[in-house]
Amino acid sequence: MPCLLLHDKFEEISEWAEYISVILESNLIDVCCIYNMRGRVLAQSPEGMDEDNCLQNGEAAHMIEALADPQNPRYTSLNLFGHHYNVVINDGKHGILLKSGIRYATICRTSKVLIVGLHKVNSDKDDGSSVIMNLGDFLITKGM
């Protein structure tokens with residue numbers, strides 16, 4: 001599902017869990033979780049409920065710190081769900097792309113939430129990171 005169409009679907013949503021459903025419908029994201037800025041789960045895909053796909057202590061804080069200070073050598077890698085990922089891209093504002101083997105993770109921060117998606121890169125123009133960042137952009141425009 002092209003990301004442009006996701007924006008229209010997002011407009012109709014009133015609950016956090018519905019965002020997860022739309023994200024999973026893209027078939028580009030394997031696991032998606034939305035957290036408040038303290039790391040509390042607001043919504044998650046069924047796979048996100050597995051112990052292997054839950055934020056560990058301090059991981060949310062490290063994501064926020066890494067976005068605030070992308071040049072800090074401490075943040076060339078991050079732990080996510082207890083697994084080690086290398087930082088591929090950190091825009092220093094809203095997004096981080098991480099990689100571990102063939103798995104990728106995208107983190108998007110808005111003023112109120114962290115959106116985390118696990119995925120594989122599927123193509124150059126429609127990959128999982130664009131789906132996660134599209135949701136983040138939408139929420140930012142809505143003041144969330």
# chains A, B, ... in the order shown; residues from 1 in each chain; ligands from 1
call {"tool": "residues_around", "arguments": {"residues": "Glu59 (chain A)", "least_positions_apart": "6", "cutoff": "9 Å", "atoms": "only C-alpha atoms", "output": "VMD selection string"}}
result
chain A and resid 39 78 to 82
call {"tool": "closest_atom_pairs", "arguments": {"of": "region 27-95 of chain A", "to": "region 101-123 of chain A", "cutoff": "9 Å", "atoms": "only C-alpha atoms", "output": "Markdown table"}}
result
| residue | atom | partner | partner_atom | distance |
| --- | --- | --- | --- | --- |
| A:Leu28 | CA | A:His119 | CA | 6.4 |
| A:Ile29 | CA | A:His119 | CA | 4.9 |
| A:Asp30 | CA | A:His119 | CA | 5.4 |
| A:Val31 | CA | A:Leu118 | CA | 5.1 |
| A:Cys32 | CA | A:Gly117 | CA | 4.4 |
| A:Cys33 | CA | A:Val116 | CA | 5.3 |
| A:Ile34 | CA | A:Ile115 | CA | 4.6 |
| A:Tyr35 | CA | A:Leu114 | CA | 5.1 |
| A:Asn36 | CA | A:Val113 | CA | 4.5 |
| A:Met37 | CA | A:Val113 | CA | 5.5 |
| A:Arg38 | CA | A:Val113 | CA | 8.8 |
| A:Gly39 | CA | A:Leu114 | CA | 7.9 |
| A:Leu42 | CA | A:Val113 | CA | 8.7 |
| A:Ala60 | CA | A:Leu114 | CA | 8.0 |
| A:Met63 | CA | A:Ile107 | CA | 7.8 |
| A:Ile64 | CA | A:Arg109 | CA | 7.6 |
| A:Leu67 | CA | A:Arg109 | CA | 8.3 |
| A:Leu80 | CA | A:Ala105 | CA | 8.4 |
| A:Tyr85 | CA | A:Ala105 | CA | 8.1 |
| A:Lys93 | CA | A:Arg109 | CA | 7.8 |
| A:His94 | CA | A:Arg109 | CA | 4.9 |
| A:Gly95 | CA | A:Cys108 | CA | 4.6 |
call {"tool": "write_last_selection", "arguments": {"atoms": "N, CA, C and O atoms", "output": "mmCIF file, in the first residue's frame"}}
result
data_model
loop_
_atom_site.group_PDB
_atom_site.id
_atom_site.type_symbol
_atom_site.label_atom_id
_atom_site.label_comp_id
_atom_site.auth_asym_id
_atom_site.auth_seq_id
_atom_site.Cartn_x
_atom_site.Cartn_y
_atom_site.Cartn_z
ATOM 1 N N LEU A 28 4.305 -4.295 5.103
ATOM 2 C CA LEU A 28 5.720 -3.927 5.119
ATOM 3 C C LEU A 28 6.303 -3.960 6.525
ATOM 4 O O LEU A 28 7.507 -3.928 6.707
ATOM 5 N N ILE A 29 5.433 -4.021 7.525
ATOM 6 C CA ILE A 29 5.837 -4.000 8.926
ATOM 7 C C ILE A 29 5.477 -5.329 9.566
ATOM 8 O O ILE A 29 4.351 -5.804 9.427
ATOM 9 N N ASP A 30 6.442 -5.919 10.284
ATOM 10 C CA ASP A 30 6.195 -7.189 10.970
ATOM 11 C C ASP A 30 5.676 -6.975 12.394
ATOM 12 O O ASP A 30 4.797 -7.688 12.852
ATOM 13 N N VAL A 31 6.250 -6.015 13.087
ATOM 14 C CA VAL A 31 5.861 -5.699 14.461
ATOM 15 C C VAL A 31 5.780 -4.189 14.574
ATOM 16 O O VAL A 31 6.664 -3.487 14.091
ATOM 17 N N CYS A 32 4.728 -3.689 15.206
ATOM 18 C CA CYS A 32 4.593 -2.249 15.412
ATOM 19 C C CYS A 32 4.079 -1.993 16.818
ATOM 20 O O CYS A 32 3.161 -2.669 17.283
ATOM 21 N N CYS A 33 4.698 -1.025 17.493
ATOM 22 C CA CYS A 33 4.284 -0.636 18.835
ATOM 23 C C CYS A 33 4.284 0.886 18.923
ATOM 24 O O CYS A 33 5.136 1.546 18.331
ATOM 25 N N ILE A 34 3.341 1.414 19.660
ATOM 26 C CA ILE A 34 3.283 2.848 19.927
ATOM 27 C C ILE A 34 3.383 3.015 21.437
ATOM 28 O O ILE A 34 2.633 2.396 22.193
ATOM 29 N N TYR A 35 4.339 3.848 21.864
ATOM 30 C CA TYR A 35 4.611 4.073 23.275
ATOM 31 C C TYR A 35 4.439 5.546 23.608
ATOM 32 O O TYR A 35 4.670 6.403 22.762
ATOM 33 N N ASN A 36 4.090 5.830 24.862
ATOM 34 C CA ASN A 36 4.159 7.218 25.291
ATOM 35 C C ASN A 36 5.633 7.534 25.546
ATOM 36 O O ASN A 36 6.499 6.663 25.420
ATOM 37 N N MET A 37 5.941 8.754 25.901
ATOM 38 C CA MET A 37 7.342 9.163 26.041
ATOM 39 C C MET A 37 8.036 8.560 27.266
ATOM 40 O O MET A 37 9.235 8.686 27.417
ATOM 41 N N ARG A 38 7.298 7.875 28.098
ATOM 42 C CA ARG A 38 7.896 7.159 29.233
ATOM 43 C C ARG A 38 8.107 5.683 28.941
ATOM 44 O O ARG A 38 8.526 4.930 29.805
ATOM 45 N N GLY A 39 7.734 5.259 27.743
ATOM 46 C CA GLY A 39 7.914 3.864 27.362
ATOM 47 C C GLY A 39 6.724 2.974 27.673
ATOM 48 O O GLY A 39 6.800 1.761 27.537
ATOM 49 N N LEU A 42 0.967 2.106 24.368
ATOM 50 C CA LEU A 42 -0.363 2.633 24.054
ATOM 51 C C LEU A 42 -1.104 1.669 23.133
ATOM 52 O O LEU A 42 -2.315 1.528 23.217
ATOM 53 N N ALA A 60 13.482 3.172 25.914
ATOM 54 C CA ALA A 60 12.760 4.351 25.424
ATOM 55 C C ALA A 60 13.580 5.612 25.683
ATOM 56 O O ALA A 60 13.721 6.471 24.803
ATOM 57 N N MET A 63 16.395 5.910 23.192
ATOM 58 C CA MET A 63 15.938 6.340 21.865
ATOM 59 C C MET A 63 15.777 7.856 21.833
ATOM 60 O O MET A 63 16.213 8.507 20.888
ATOM 61 N N ILE A 64 15.142 8.395 22.865
ATOM 62 C CA ILE A 64 14.917 9.841 22.931
ATOM 63 C C ILE A 64 16.252 10.582 23.005
ATOM 64 O O ILE A 64 16.469 11.574 22.314
ATOM 65 N N LEU A 67 18.033 10.573 19.589
ATOM 66 C CA LEU A 67 17.466 11.543 18.663
ATOM 67 C C LEU A 67 17.909 12.968 19.001
ATOM 68 O O LEU A 67 18.119 13.788 18.113
ATOM 69 N N LEU A 80 17.182 -2.523 21.263
ATOM 70 C CA LEU A 80 15.752 -2.409 21.045
ATOM 71 C C LEU A 80 15.142 -3.779 21.272
ATOM 72 O O LEU A 80 15.560 -4.754 20.636
ATOM 73 N N TYR A 85 21.137 -3.298 17.771
ATOM 74 C CA TYR A 85 20.984 -2.796 16.403
ATOM 75 C C TYR A 85 22.013 -1.687 16.171
ATOM 76 O O TYR A 85 22.282 -0.884 17.068
ATOM 77 N N LYS A 93 16.120 14.468 14.777
ATOM 78 C CA LYS A 93 14.874 15.157 15.096
ATOM 79 C C LYS A 93 13.736 14.175 15.361
ATOM 80 O O LYS A 93 13.199 14.117 16.449
ATOM 81 N N HIS A 94 13.365 13.395 14.340
ATOM 82 C CA HIS A 94 12.199 12.526 14.481
ATOM 83 C C HIS A 94 12.451 11.050 14.202
ATOM 84 O O HIS A 94 11.636 10.223 14.605
ATOM 85 N N GLY A 95 13.508 10.691 13.480
ATOM 86 C CA GLY A 95 13.616 9.309 13.058
ATOM 87 C C GLY A 95 14.987 8.678 13.172
ATOM 88 O O GLY A 95 16.014 9.340 12.998
#
call {"tool": "select_by_dssp", "arguments": {"residues": "chain A", "states": "helix (DSSP H, G or I)", "output": "ChimeraX atom specification"}}
result
/A:3-11,16-25,46-49,51-53,59-68,73-75,128-141
call {"tool": "select_by_dssp", "arguments": {"residues": "region 37-133 of chain A", "states": "strand (DSSP E or B)", "output": "ChimeraX atom specification"}}
result
/A:41-44,77-80,83-90,95-100,103-109,113-119
call {"tool": "write_last_selection", "arguments": {"atoms": "N, CA, C and O atoms", "output": "short mmCIF file (atom, residue, chain, number, x, y, z; two decimals), in the first residue's frame"}}
result
data_model
loop_
_atom_site.label_atom_id
_atom_site.label_comp_id
_atom_site.auth_asym_id
_atom_site.auth_seq_id
_atom_site.Cartn_x
_atom_site.Cartn_y
_atom_site.Cartn_z
N VAL A 41 3.24 1.23 26.85
CA VAL A 41 2.58 0.81 25.62
C VAL A 41 1.21 1.46 25.51
O VAL A 41 0.39 1.36 26.43
N LEU A 42 0.97 2.11 24.37
CA LEU A 42 -0.36 2.63 24.05
C LEU A 42 -1.10 1.67 23.13
O LEU A 42 -2.31 1.53 23.22
N ALA A 43 -0.35 1.03 22.24
CA ALA A 43 -0.92 0.02 21.33
C ALA A 43 0.23 -0.78 20.74
O ALA A 43 1.35 -0.29 20.62
N GLN A 44 -0.09 -2.03 20.38
CA GLN A 44 0.94 -2.88 19.78
C GLN A 44 0.30 -3.95 18.93
O GLN A 44 -0.83 -4.35 19.16
N SER A 77 24.90 2.74 18.09
CA SER A 77 24.07 1.53 18.17
C SER A 77 23.12 1.69 19.34
O SER A 77 23.36 2.48 20.25
N LEU A 78 22.02 0.95 19.27
CA LEU A 78 21.00 0.98 20.32
C LEU A 78 20.49 -0.42 20.57
O LEU A 78 20.48 -1.25 19.66
N ASN A 79 20.05 -0.65 21.78
CA ASN A 79 19.33 -1.88 22.08
C ASN A 79 17.85 -1.61 21.93
O ASN A 79 17.35 -0.59 22.39
N LEU A 80 17.18 -2.52 21.26
CA LEU A 80 15.75 -2.41 21.05
C LEU A 80 15.14 -3.78 21.27
O LEU A 80 15.56 -4.75 20.64
N HIS A 83 17.60 -6.51 21.88
CA HIS A 83 18.51 -6.91 20.81
C HIS A 83 19.34 -5.71 20.37
O HIS A 83 18.87 -4.58 20.39
N HIS A 84 20.57 -6.00 19.93
CA HIS A 84 21.50 -4.95 19.54
C HIS A 84 21.31 -4.59 18.06
O HIS A 84 21.29 -5.46 17.20
N TYR A 85 21.14 -3.30 17.77
CA TYR A 85 20.98 -2.80 16.40
C TYR A 85 22.01 -1.69 16.17
O TYR A 85 22.28 -0.88 17.07
N ASN A 86 22.55 -1.63 14.97
CA ASN A 86 23.42 -0.53 14.57
C ASN A 86 22.59 0.58 13.96
O ASN A 86 21.64 0.31 13.22
N VAL A 87 22.95 1.83 14.25
CA VAL A 87 22.25 2.97 13.68
C VAL A 87 22.70 3.14 12.23
O VAL A 87 23.89 3.25 11.95
N VAL A 88 21.73 3.16 11.31
CA VAL A 88 22.01 3.40 9.90
C VAL A 88 21.82 4.89 9.61
O VAL A 88 22.66 5.52 8.98
N ILE A 89 20.70 5.44 10.06
CA ILE A 89 20.38 6.86 9.87
C ILE A 89 19.75 7.38 11.16
O ILE A 89 18.88 6.72 11.74
N ASN A 90 20.17 8.57 11.58
CA ASN A 90 19.55 9.27 12.70
C ASN A 90 19.43 10.72 12.27
O ASN A 90 20.44 11.41 12.14
N GLY A 95 13.51 10.69 13.48
CA GLY A 95 13.62 9.31 13.06
C GLY A 95 14.99 8.68 13.17
O GLY A 95 16.01 9.34 13.00
N ILE A 96 14.97 7.39 13.48
CA ILE A 96 16.18 6.57 13.50
C ILE A 96 15.88 5.29 12.73
O ILE A 96 14.85 4.65 12.97
N LEU A 97 16.79 4.92 11.84
CA LEU A 97 16.73 3.63 11.16
C LEU A 97 17.85 2.77 11.71
O LEU A 97 19.01 3.19 11.75
N LEU A 98 17.50 1.59 12.18
CA LEU A 98 18.44 0.65 12.79
C LEU A 98 18.51 -0.63 11.97
O LEU A 98 17.54 -0.98 11.30
N LYS A 99 19.65 -1.33 12.06
CA LYS A 99 19.79 -2.60 11.34
C LYS A 99 20.52 -3.61 12.21
O LYS A 99 21.48 -3.28 12.89
N SER A 100 20.02 -4.85 12.15
CA SER A 100 20.67 -5.98 12.80
C SER A 100 20.51 -7.18 11.88
O SER A 100 19.41 -7.73 11.77
N ARG A 103 17.32 -7.70 9.60
CA ARG A 103 16.20 -7.02 10.24
C ARG A 103 16.49 -5.54 10.37
O ARG A 103 17.60 -5.13 10.67
N TYR A 104 15.46 -4.76 10.16
CA TYR A 104 15.54 -3.31 10.34
C TYR A 104 14.51 -2.90 11.39
O TYR A 104 13.50 -3.58 11.58
N ALA A 105 14.78 -1.78 12.02
CA ALA A 105 13.82 -1.19 12.95
C ALA A 105 13.79 0.30 12.65
O ALA A 105 14.83 0.91 12.37
N THR A 106 12.61 0.87 12.69
CA THR A 106 12.45 2.31 12.52
C THR A 106 11.79 2.85 13.76
O THR A 106 10.81 2.29 14.26
N ILE A 107 12.35 3.94 14.26
CA ILE A 107 11.82 4.63 15.43
C ILE A 107 11.44 6.03 14.98
O ILE A 107 12.23 6.72 14.34
N CYS A 108 10.22 6.43 15.29
CA CYS A 108 9.78 7.78 14.98
C CYS A 108 9.26 8.42 16.26
O CYS A 108 8.46 7.82 16.97
N ARG A 109 9.76 9.62 16.53
CA ARG A 109 9.35 10.34 17.74
C ARG A 109 8.51 11.54 17.33
O ARG A 109 8.87 12.30 16.44
N VAL A 113 4.54 10.64 21.35
CA VAL A 113 4.70 9.18 21.25
C VAL A 113 5.99 8.79 20.54
O VAL A 113 6.59 9.57 19.81
N LEU A 114 6.36 7.53 20.79
CA LEU A 114 7.41 6.84 20.04
C LEU A 114 6.73 5.74 19.25
O LEU A 114 5.97 4.94 19.83
N ILE A 115 6.96 5.68 17.96
CA ILE A 115 6.43 4.61 17.12
C ILE A 115 7.61 3.75 16.73
O ILE A 115 8.62 4.26 16.23
N VAL A 116 7.50 2.45 16.97
CA VAL A 116 8.59 1.53 16.67
C VAL A 116 8.05 0.45 15.74
O VAL A 116 7.02 -0.16 16.02
N GLY A 117 8.75 0.24 14.63
CA GLY A 117 8.36 -0.81 13.70
C GLY A 117 9.54 -1.69 13.34
O GLY A 117 10.65 -1.18 13.14
N LEU A 118 9.32 -2.99 13.31
CA LEU A 118 10.33 -3.94 12.84
C LEU A 118 9.95 -4.38 11.44
O LEU A 118 8.78 -4.66 11.17
N HIS A 119 10.94 -4.45 10.56
CA HIS A 119 10.65 -4.75 9.16
C HIS A 119 11.89 -5.19 8.42
O HIS A 119 13.01 -5.12 8.94
#
call {"tool": "closest_atom_pairs", "arguments": {"of": "region 11-85 of chain A", "to": "region 129-138 of chain A", "cutoff": "10 Å", "atoms": "only C-alpha atoms", "output": "JSON lines"}}
result
{"residue": "A:Glu11", "atom": "CA", "partner": "A:Phe138", "partner_atom": "CA", "distance": 8.6}
{"residue": "A:Tyr19", "atom": "CA", "partner": "A:Leu135", "partner_atom": "CA", "distance": 8.0}
{"residue": "A:Ile20", "atom": "CA", "partner": "A:Leu135", "partner_atom": "CA", "distance": 9.8}
{"residue": "A:Val22", "atom": "CA", "partner": "A:Leu135", "partner_atom": "CA", "distance": 9.7}
{"residue": "A:Ile23", "atom": "CA", "partner": "A:Val131", "partner_atom": "CA", "distance": 6.9}
{"residue": "A:Leu24", "atom": "CA", "partner": "A:Val131", "partner_atom": "CA", "distance": 9.5}
{"residue": "A:Ser26", "atom": "CA", "partner": "A:Val131", "partner_atom": "CA", "distance": 7.7}
{"residue": "A:Asn27", "atom": "CA", "partner": "A:Val131", "partner_atom": "CA", "distance": 9.9}
{"residue": "A:Leu28", "atom": "CA", "partner": "A:Val131", "partner_atom": "CA", "distance": 7.6}
{"residue": "A:Ile29", "atom": "CA", "partner": "A:Val131", "partner_atom": "CA", "distance": 7.9}
{"residue": "A:Cys32", "atom": "CA", "partner": "A:Ile132", "partner_atom": "CA", "distance": 8.6}
call {"tool": "closest_residue", "arguments": {"among": "A:Arg40, A:Trp16, A:Glu25, A:Pro46", "to": "Gly58 (chain A)", "atoms": "only C-alpha atoms"}}
result
A:Arg40
call {"tool": "atom_distance", "arguments": {"atom1": "CA of Gly128 (chain A)", "atom2": "CA of Asp91 (chain A)"}}
result
16.7 Å
call {"tool": "atom_distance", "arguments": {"atom1": "CA of Thr141 (chain A)", "atom2": "CA of Glu65 (chain A)"}}
result
22.7 Å
